[in-house]
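> Below: one structure in structure tokens.
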2 protein chains.
Amino acid sequence: MVNATTPSEGFEPAGLRERKKQRTRQTIARAALELFDRDGFHETTIPQIAAAADVSPRTVSAYFPAKEDLVFPDQEDSFARLATRLRARSGEETTADALRDWIGAELPRWAERDAEMRMQRRVVDTDDGLKAVEQRYRALGEELIAAAIAEDLGASPDALEPRMAAAATFAIFGIVGGEHEGKGQIADEHGCIDGEPVLLHLLDRALRFVDAGIRSLQGDAPVAG
Amino acid sequence: MVNATTPSEGFEPAGLRERKKQRTRQTIARAALELFDRDGFHETTIPQIAAAADVSPRTVSAYFPAKEDLVFPDQEDSFARLATRLRARSGEETTADALRDWIGAELPRWAERDAEMRMQRRVVDTDDGLKAVEQRYRALGEELIAAAIAEDLGASPDALEPRMAAAATFAIFGIVGGEHEGKGQIADEHGCIDGEPVLLHLLDRALRFVDAGIRSLQGDAPVAG
DNA sequence: TAGAACTTTGCATGCCTTGCAGAAATGCGT
DNA sequence: ACGCATTTCTGCAAGGCATGCAAAGTTCTA
């Protein structure tokens with residue numbers, strides 16, 4: 001079922017319909033984020049966003065079931081890619097390898113959207129409901145990692161080790177993203193350490209932390225596994 | 001200003017007014033949880049809850065600003081006690097000591113409300129918005145622990161070590177609470193291991209994990225501290 | 001180009017949230 | 001025991017979000 005009208009599509013969504021849909025989605029999300037940042041999340045109404053994006057209010061709700069979703073338009077996709085990458089790892093590869101790979105692949109996207117990510121952070125920091133949604137995503141990400149680590153370890157996904165490992169590992173995102181009020185010690189400088197992106201540097205340290213932690217529990221009788 | 005009419009008040013809120021308020025609050029929360037569990041969170045309306053608690057709908061909203069808050073009526077207090085305990089620890093005491101103490105003090109409360117906690121879990125598991133709120137609380141708890149650990153370590157609260165340590169430590173609550181779908185491997189048996197409550201057993205293992213992790217990073221140059 | 005498939009839109013409904021003012025209850029001093 | 005000050009509860013109303021439905025408008029395919 002190759003589309004004959006479009007020669008070199010590469011890996012884009014293919015159909016014109018689909019591309020238009022993605023463009024609309026992005027337009028709406030951008031308009032929303034800008035308004036949220038300028039006027040505040042609660043102060044901005046959906047009709048206002050719709051007007052800015054030149055669509056009807058009903059369309060905004062169709063694309064984004066909840067108003068909060070407008071602030072995290074890409075999380076779902078990003079995690080989907082992580083899940084895919086984790087699923088696709090060979091027997092040799094550890095979760096850590098896949099994670100490193102995934103971050104490497106996502107980094108350019110994040111760099112590209114630097115301005116939006118900063119807006120997003122500012123907006124999220126003004127509203128507790130948005131923080132809640134953000135934490136929910138964090139939990140989803142941890143879930144993925146925990147399951148993969150559990151597989152590596154031959155343990156239950158609900159055992160202590162995979163859970164702790166996933167939680168500790170994911171903490172690096174909270175740090176670079178400046179998820180906390182004294183935000184962005186690192187976030188401000190998307191720089192490198194020893195020629196390596198900060199995030200990957202943190203990941204390495206996190207993995208060392210986790211490895212040591214897990215090893216220290218090896219002798220114990222498993223409790224929840 | 002001792003109240004002459006009530007001999008042995010103990011440590012209750014004192015005033016009759018305040019006690020009545022707490023009772024009303026509890027009545028509303030109980031009624032809500034029961035209805036949520038029976039009919040579903042979205043299916044239950046605030047007027048229904050109000051009727052069940054024998055107050056006006058407006059009063060429900062006065063006590064609980066958001067409908068979601070009805071599901072977590074005690075989290076705030078519990079964390080407040082943790083914060084107090086952490087603040088009150090002497091120079092000798094580590095965060096781990098305070099944490100152990102706090103859990104020990106909270107355990108009887110949790111045991112007392114076993115039925116409600118189970119309902120709460122069932123309800124939360126049916127709604128993503130509630131999961132988000134739950135994760136938000138988790139983040140708040142981690143914040144407290146991270147700050148305390150940072151103090152112990154003489155590091156910044158946004159450094160990697162305290163964040164990872166707090167995240168890993170807090171993971172134990174997700175496990176005993178059965179925060180995940182395959183819930184309650186342990187939750188079902190509020191039992192003990194070697195005569196120790198499961199939660200404290202898990203805490204010990206978590207602390208060992210964290211200690212090993214932190215030690216393994218000692219030689220490194222701090223990145224975010 | 002015609003019809004199928006899908007998207008966008010407007011309308012209507014139900015619910016949550018919040019401010020406000022009056023009614024009701026409580027606490028306190030006499 | 002009584003009345004006043006304070007606090008809490010209640011009803012009303014307005015504003016905004018979420019969602020089902022059917023009509024109108026696009027895009028796709030044969």
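We name chains A, B, ... following the order of the structure tokens; residues begin at 1 in each chain, and ligands are numbered from 1 as shown.
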Could you find all residues in segment 86-223 of chain B that DSSP calls strand (DSSP E) from the backbone, and write them as a ChimeraX atom specification?
/B:192-193,196-197
> Just to be explicit: take each residue in the selection above, keep C-alpha atoms, and write the result as a compact mmCIF listing (two decimals), in the first residue's frame.

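So the final result, stored in selection23.txt, reads:
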# COMPACT_ATOMS: atom_id res chain seq x y z
CA CYS B 192 5.48 -9.48 59.69
CA ILE B 193 8.84 -10.92 58.81
CA GLU B 196 8.90 -6.99 62.17
CA PRO B 197 6.22 -5.23 60.14
> Extract, using only C-alpha atoms (C1' of nucleotides), all DNA, RNA and protein residues at most 12 Å from DA13 of chain D, discarding same-chain residues fewer than 6 positions from it, and format them as a list of chain:residue names.
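Here the answer would be C:DT18, C:DG19, C:DC20, C:DA21.
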> Could you please determine the separation between atom CA of Asp152 of chain A and atom CA of Leu160 of chain B in Å, to one decimal place?
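These two atoms are separated by 24.2 Å.
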> Which parts of segment 28-154 of chain B does DSSP call alpha helix (DSSP H) when run on the backbone here, written out as a ChimeraX atom specification?
/B:28-39,46-53,57-63,75-87,95-112,114-124,128-153
> Please identify all residues of chain B having at least one atom at most 8 Å from any atom of chain C, considering only C-alpha atoms (C1' of nucleotides), and return them as a list in words.
Arg17, Thr45, Ser61, Pro65, Ala66 and Lys67 of chain B
> Taking C-alpha atoms for each residue, export the selection above as a PDB file, in the first residue's frame.

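What follows is the written file selection-v5.pdb:
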ATOM      1  CA  ARG B  17     -16.099  23.491  67.246  1.00  0.00           C
ATOM      2  CA  THR B  45     -21.708  13.279  41.931  1.00  0.00           C
ATOM      3  CA  SER B  61     -16.688  21.642  48.204  1.00  0.00           C
ATOM      4  CA  PRO B  65     -11.628  22.001  47.147  1.00  0.00           C
ATOM      5  CA  ALA B  66     -11.382  19.337  44.462  1.00  0.00           C
ATOM      6  CA  LYS B  67     -13.339  16.148  44.067  1.00  0.00           C
TER       7      LYS B  67
END
> Using only C-alpha atoms, pick whichever of B:Pro57, B:Thr24, B:Asp77, B:His180 has the shortest atom-to-atom distance to Ala147 of chain A.
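When distances to Ala147 of chain A are compared using only C-alpha atoms, the smallest one comes from B:His180.
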> Work out how far atom CA of Pro73 of chain B is from atom CA of Arg87 of chain B, in Å to one decimal.
23.3 Å
> I'd like the contact shell of Gln75 of chain B - 10 Å cut-off, only C-alpha atoms (C1' of nucleotides), skipping same-chain residues fewer than 4 positions apart - returned as a ChimeraX atom specification.
/B:69,71,79-81,134,137-138,141
> Please produce, as a tab-separated table, a per-residue contact table for chain A versus chain B (criterion: any atom at most 6 Å away, only C-alpha atoms considered), showing the nearest atom pair and its distance in Å to one decimal, sorted by chain then residue number.

residue	atom	partner	partner_atom	distance
A:Ala132	CA	B:Arg136	CA	4.5
A:Val133	CA	B:Ala132	CA	5.2
A:Gln135	CA	B:Gln135	CA	5.4
A:Arg136	CA	B:Ala132	CA	4.6
A:Met164	CA	B:Ala168	CA	4.3
A:Ala167	CA	B:Ala167	CA	5.3
A:Ala168	CA	B:Met164	CA	4.3
A:Ala171	CA	B:Met164	CA	5.7
A:Phe209	CA	B:Gly213	CA	4.0
A:Ala212	CA	B:Gly213	CA	5.1
A:Gly213	CA	B:Phe209	CA	4.0
> For chain D, which residues have at least one atom within 10 Å of chain B, if we go by only C-alpha atoms (C1' of nucleotides)? Write them as a PyMOL selection string, please.
chain D and resi 7-11
> Write the selection just made, keeping C-alpha atoms (C1' of nucleotides), as an mmCIF file, in the first residue's frame?

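Okay, part_2.cif is ready:
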data_model
loop_
_atom_site.group_PDB
_atom_site.id
_atom_site.type_symbol
_atom_site.label_atom_id
_atom_site.label_comp_id
_atom_site.auth_asym_id
_atom_site.auth_seq_id
_atom_site.Cartn_x
_atom_site.Cartn_y
_atom_site.Cartn_z
ATOM 1 C "C1'" DT D 7 -17.496 30.904 62.730
ATOM 2 C "C1'" DT D 8 -19.719 27.584 59.847
ATOM 3 C "C1'" DC D 9 -23.295 26.021 56.688
ATOM 4 C "C1'" DT D 10 -26.312 26.759 52.941
ATOM 5 C "C1'" DG D 11 -28.543 28.270 48.520
#
> Would you work out the distance separating atom CA of Thr95 of chain A from atom CA of Asp74 of chain A, expressed in Å to one decimal?
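Atom-to-atom, atom CA of Thr95 of chain A to atom CA of Asp74 of chain A, that is 22.5 Å.
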> Which residues are close to Ser78 of chain A, i.e. within 12 Å by only C-alpha atoms (C1' of nucleotides), leaving aside same-chain residues fewer than 4 positions away? Reply as a list in words.
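With the cut-off at 12 Å, the set is Phe72, Pro73, Asp74, Leu82, Ala83, Thr84, Arg85, Trp102, Ile103, Ala105, Glu106, Leu107, Arg109, Trp110, Tyr137, Arg138, Leu140 and Gly141 of chain A.
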